[in-house]
Amino acid sequence: MSYDETMFSTAPPFPFREAGEYEEKDLSASLTLRWSRKRRRWECDNAYFWHESQNKWCCRSEDGRYYHGFRSLRALLKSYVGGRLCESSCCYSARNVRAKYWFSQHPKTVTCRVTIHCTGLFPALFSEGGITL
């Protein structure tokens, strides 16, 4: 028995899409931050956000990504959540992207919800619905 037979004969077939076959998707994600009084910054499970002395907002995520130079926390959250949503759904070849942002703030939490409607080539295994970052 060869390597090809053992490796690929038991695996289910991977469904590829025909070239040029576009579909429309509504993707959504949300992120809730909580205020850390001790550290004086906004935090979630995998990232933290802080305000620098030059009046700019910054972010560092667990995977080492660093975002900086945003004028407001809202702009930083839009970029961070939108980028993570596109990355998780493989929305790299999308056309006609429209995004909506919702913010809600309570004394110690901020929630940012992003919904993106885009037309593009998506992997066949991508499931419908939203994700939580």
# chains A, B, ... in the order shown; residues from 1 in each chain; ligands from 1
>>> residues_around(residues="Asn46 (chain A)", least_positions_apart="2", cutoff="7 Å", atoms="only C-alpha atoms", output="MDAnalysis selection string")
chainID A and resid 44 61:62
>>> write_last_selection(atoms="C-alpha atoms", output="compact mmCIF listing (two decimals), in the first residue's frame")
# COMPACT_ATOMS: atom_id res chain seq x y z
CA CYS A 44 -11.55 40.57 26.55
CA SER A 61 -4.01 40.36 20.92
CA GLU A 62 -2.92 36.98 22.27
>>> closest_residue(among="A:Lys100, A:Arg39, A:His117, A:Lys56", to="Lys78 (chain A)", atoms="only C-alpha atoms")
A:Lys100
>>> residues_around(residues="Ser104 (chain A)", least_positions_apart="2", cutoff="12 Å", atoms="only C-alpha atoms", output="ChimeraX atom specification")
/A:30-33,74,101-102,106-113
>>> write_last_selection(atoms="all heavy atoms", output="short mmCIF file (atom, residue, chain, number, x, y, z; two decimals), in the first residue's frame")
data_model
loop_
_atom_site.label_atom_id
_atom_site.label_comp_id
_atom_site.auth_asym_id
_atom_site.auth_seq_id
_atom_site.Cartn_x
_atom_site.Cartn_y
_atom_site.Cartn_z
N SER A 30 -19.29 39.44 17.22
CA SER A 30 -19.37 40.44 18.27
C SER A 30 -18.22 40.26 19.24
O SER A 30 -17.64 39.19 19.36
CB SER A 30 -20.71 40.34 19.01
OG SER A 30 -20.79 39.11 19.68
N LEU A 31 -17.90 41.34 19.91
CA LEU A 31 -16.82 41.35 20.88
C LEU A 31 -17.27 42.20 22.05
O LEU A 31 -17.73 43.33 21.87
CB LEU A 31 -15.55 41.93 20.26
CG LEU A 31 -14.32 42.02 21.14
CD1 LEU A 31 -13.79 40.62 21.43
CD2 LEU A 31 -13.26 42.85 20.48
N THR A 32 -17.15 41.67 23.25
CA THR A 32 -17.50 42.42 24.46
C THR A 32 -16.25 42.63 25.28
O THR A 32 -15.53 41.68 25.59
CB THR A 32 -18.56 41.66 25.29
OG1 THR A 32 -19.73 41.50 24.49
CG2 THR A 32 -18.92 42.43 26.54
N LEU A 33 -16.01 43.88 25.60
CA LEU A 33 -14.86 44.26 26.42
C LEU A 33 -15.33 44.62 27.82
O LEU A 33 -16.42 45.16 27.99
CB LEU A 33 -14.16 45.48 25.82
CG LEU A 33 -13.70 45.40 24.39
CD1 LEU A 33 -13.13 46.74 23.95
CD2 LEU A 33 -12.66 44.32 24.22
N ARG A 74 -13.91 53.26 19.14
CA ARG A 74 -14.87 52.75 18.16
C ARG A 74 -14.17 52.37 16.85
O ARG A 74 -14.42 51.32 16.27
CB ARG A 74 -15.96 53.78 17.88
CG ARG A 74 -16.94 53.95 19.00
CD ARG A 74 -17.91 55.07 18.68
NE ARG A 74 -18.75 54.75 17.56
CZ ARG A 74 -20.05 54.55 17.63
NH1 ARG A 74 -20.66 54.64 18.78
NH2 ARG A 74 -20.74 54.26 16.56
N TYR A 101 -22.12 48.45 11.96
CA TYR A 101 -21.52 48.36 13.27
C TYR A 101 -22.53 48.81 14.32
O TYR A 101 -23.21 49.81 14.13
CB TYR A 101 -20.28 49.26 13.36
CG TYR A 101 -19.28 49.00 12.27
CD1 TYR A 101 -19.27 49.77 11.11
CD2 TYR A 101 -18.36 47.98 12.38
CE1 TYR A 101 -18.36 49.52 10.10
CE2 TYR A 101 -17.44 47.73 11.38
CZ TYR A 101 -17.45 48.50 10.25
OH TYR A 101 -16.55 48.25 9.25
N TRP A 102 -22.63 48.06 15.38
CA TRP A 102 -23.49 48.44 16.51
C TRP A 102 -22.63 48.47 17.75
O TRP A 102 -21.82 47.57 17.98
CB TRP A 102 -24.60 47.42 16.73
CG TRP A 102 -25.64 47.42 15.69
CD1 TRP A 102 -26.75 48.20 15.62
CD2 TRP A 102 -25.67 46.59 14.52
NE1 TRP A 102 -27.46 47.91 14.47
CE2 TRP A 102 -26.82 46.92 13.79
CE3 TRP A 102 -24.83 45.60 14.03
CZ2 TRP A 102 -27.16 46.28 12.61
CZ3 TRP A 102 -25.16 44.97 12.85
CH2 TRP A 102 -26.32 45.33 12.16
N HIS A 106 -22.19 49.98 28.65
CA HIS A 106 -22.68 49.99 30.02
C HIS A 106 -21.52 50.48 30.87
O HIS A 106 -20.40 50.60 30.38
CB HIS A 106 -23.14 48.59 30.42
CG HIS A 106 -24.24 48.08 29.53
ND1 HIS A 106 -25.52 48.57 29.56
CD2 HIS A 106 -24.22 47.16 28.55
CE1 HIS A 106 -26.26 47.95 28.65
NE2 HIS A 106 -25.49 47.09 28.02
N PRO A 107 -21.74 50.74 32.14
CA PRO A 107 -20.65 51.32 32.93
C PRO A 107 -19.32 50.56 32.86
O PRO A 107 -18.27 51.18 32.81
CB PRO A 107 -21.20 51.31 34.35
CG PRO A 107 -22.67 51.40 34.17
CD PRO A 107 -22.96 50.64 32.90
N LYS A 108 -19.34 49.24 32.80
CA LYS A 108 -18.08 48.50 32.81
C LYS A 108 -17.88 47.59 31.60
O LYS A 108 -16.93 46.82 31.57
CB LYS A 108 -17.98 47.67 34.09
CG LYS A 108 -17.91 48.54 35.33
CD LYS A 108 -17.76 47.72 36.56
CE LYS A 108 -17.74 48.63 37.77
NZ LYS A 108 -17.63 47.89 39.00
N THR A 109 -18.77 47.64 30.61
CA THR A 109 -18.60 46.82 29.41
C THR A 109 -18.93 47.62 28.15
O THR A 109 -19.74 48.53 28.18
CB THR A 109 -19.51 45.56 29.42
OG1 THR A 109 -20.87 45.98 29.45
CG2 THR A 109 -19.20 44.66 30.58
N VAL A 110 -18.28 47.26 27.06
CA VAL A 110 -18.56 47.81 25.73
C VAL A 110 -18.71 46.62 24.80
O VAL A 110 -17.89 45.70 24.81
CB VAL A 110 -17.40 48.70 25.23
CG1 VAL A 110 -17.62 49.11 23.78
CG2 VAL A 110 -17.23 49.91 26.09
N THR A 111 -19.76 46.61 23.98
CA THR A 111 -19.97 45.54 23.01
C THR A 111 -19.97 46.14 21.62
O THR A 111 -20.64 47.13 21.37
CB THR A 111 -21.31 44.81 23.26
OG1 THR A 111 -21.28 44.27 24.58
CG2 THR A 111 -21.52 43.69 22.27
N CYS A 112 -19.22 45.52 20.72
CA CYS A 112 -19.17 45.92 19.32
C CYS A 112 -19.66 44.73 18.49
O CYS A 112 -19.12 43.63 18.61
CB CYS A 112 -17.76 46.29 18.91
SG CYS A 112 -17.57 46.61 17.15
N ARG A 113 -20.69 44.93 17.68
CA ARG A 113 -21.20 43.88 16.81
C ARG A 113 -21.02 44.33 15.38
O ARG A 113 -21.42 45.44 15.02
CB ARG A 113 -22.66 43.60 17.10
CG ARG A 113 -23.23 42.53 16.21
CD ARG A 113 -24.12 41.61 17.02
NE ARG A 113 -24.58 40.50 16.24
CZ ARG A 113 -24.02 39.31 16.24
NH1 ARG A 113 -22.98 39.07 16.99
NH2 ARG A 113 -24.50 38.33 15.53
#
>>> residues_around(residues="Tyr66 (chain A)", least_positions_apart="5", cutoff="12 Å", atoms="only C-alpha atoms", output="ChimeraX atom specification")
/A:47-50,57-61,76,79-80
>>> write_last_selection(atoms="N, CA, C and O atoms", output="mmCIF file, in the first residue's frame")
data_model
loop_
_atom_site.group_PDB
_atom_site.id
_atom_site.type_symbol
_atom_site.label_atom_id
_atom_site.label_comp_id
_atom_site.auth_asym_id
_atom_site.auth_seq_id
_atom_site.Cartn_x
_atom_site.Cartn_y
_atom_site.Cartn_z
ATOM 1 N N ALA A 47 -7.572 39.691 23.931
ATOM 2 C CA ALA A 47 -6.942 40.958 23.554
ATOM 3 C C ALA A 47 -7.179 42.008 24.641
ATOM 4 O O ALA A 47 -8.060 41.846 25.483
ATOM 5 N N TYR A 48 -6.382 43.056 24.595
ATOM 6 C CA TYR A 48 -6.625 44.192 25.474
ATOM 7 C C TYR A 48 -6.377 45.490 24.714
ATOM 8 O O TYR A 48 -5.603 45.549 23.764
ATOM 9 N N PHE A 49 -7.069 46.544 25.131
ATOM 10 C CA PHE A 49 -7.105 47.821 24.438
ATOM 11 C C PHE A 49 -6.781 48.921 25.440
ATOM 12 O O PHE A 49 -7.323 48.922 26.537
ATOM 13 N N TRP A 50 -5.932 49.870 25.052
ATOM 14 C CA TRP A 50 -5.573 50.942 25.964
ATOM 15 C C TRP A 50 -5.406 52.247 25.212
ATOM 16 O O TRP A 50 -5.272 52.280 23.999
ATOM 17 N N TRP A 57 -5.445 55.198 20.393
ATOM 18 C CA TRP A 57 -5.866 53.918 20.959
ATOM 19 C C TRP A 57 -5.051 52.788 20.351
ATOM 20 O O TRP A 57 -4.752 52.808 19.158
ATOM 21 N N CYS A 58 -4.698 51.801 21.172
ATOM 22 C CA CYS A 58 -3.888 50.663 20.740
ATOM 23 C C CYS A 58 -4.514 49.361 21.216
ATOM 24 O O CYS A 58 -5.334 49.357 22.128
ATOM 25 N N CYS A 59 -4.071 48.267 20.591
ATOM 26 C CA CYS A 59 -4.578 46.941 20.939
ATOM 27 C C CYS A 59 -3.464 45.926 20.753
ATOM 28 O O CYS A 59 -2.672 46.030 19.823
ATOM 29 N N ARG A 60 -3.430 44.949 21.633
ATOM 30 C CA ARG A 60 -2.525 43.805 21.488
ATOM 31 C C ARG A 60 -3.365 42.558 21.723
ATOM 32 O O ARG A 60 -4.071 42.450 22.705
ATOM 33 N N SER A 61 -3.268 41.599 20.778
ATOM 34 C CA SER A 61 -4.014 40.355 20.920
ATOM 35 C C SER A 61 -3.090 39.227 21.356
ATOM 36 O O SER A 61 -1.868 39.358 21.297
ATOM 37 N N LEU A 76 -11.022 51.615 16.408
ATOM 38 C CA LEU A 76 -10.161 50.465 16.661
ATOM 39 C C LEU A 76 -10.977 49.184 16.719
ATOM 40 O O LEU A 76 -10.602 48.167 16.128
ATOM 41 N N SER A 79 -12.100 48.046 13.198
ATOM 42 C CA SER A 79 -11.002 47.429 12.469
ATOM 43 C C SER A 79 -10.685 46.042 13.011
ATOM 44 O O SER A 79 -10.513 45.088 12.254
ATOM 45 N N TYR A 80 -10.615 45.916 14.310
ATOM 46 C CA TYR A 80 -10.245 44.647 14.940
ATOM 47 C C TYR A 80 -11.300 43.568 14.701
ATOM 48 O O TYR A 80 -10.989 42.481 14.218
#
>>> atom_distance(atom1="CA of Trp35 (chain A)", atom2="CA of Cys86 (chain A)")
26.2 Å
>>> select_by_dssp(residues="region 58-124 of chain A", states="strand (DSSP E)", output="number ranges by chain")
A: 58-61, 66-70, 95-106, 109-120
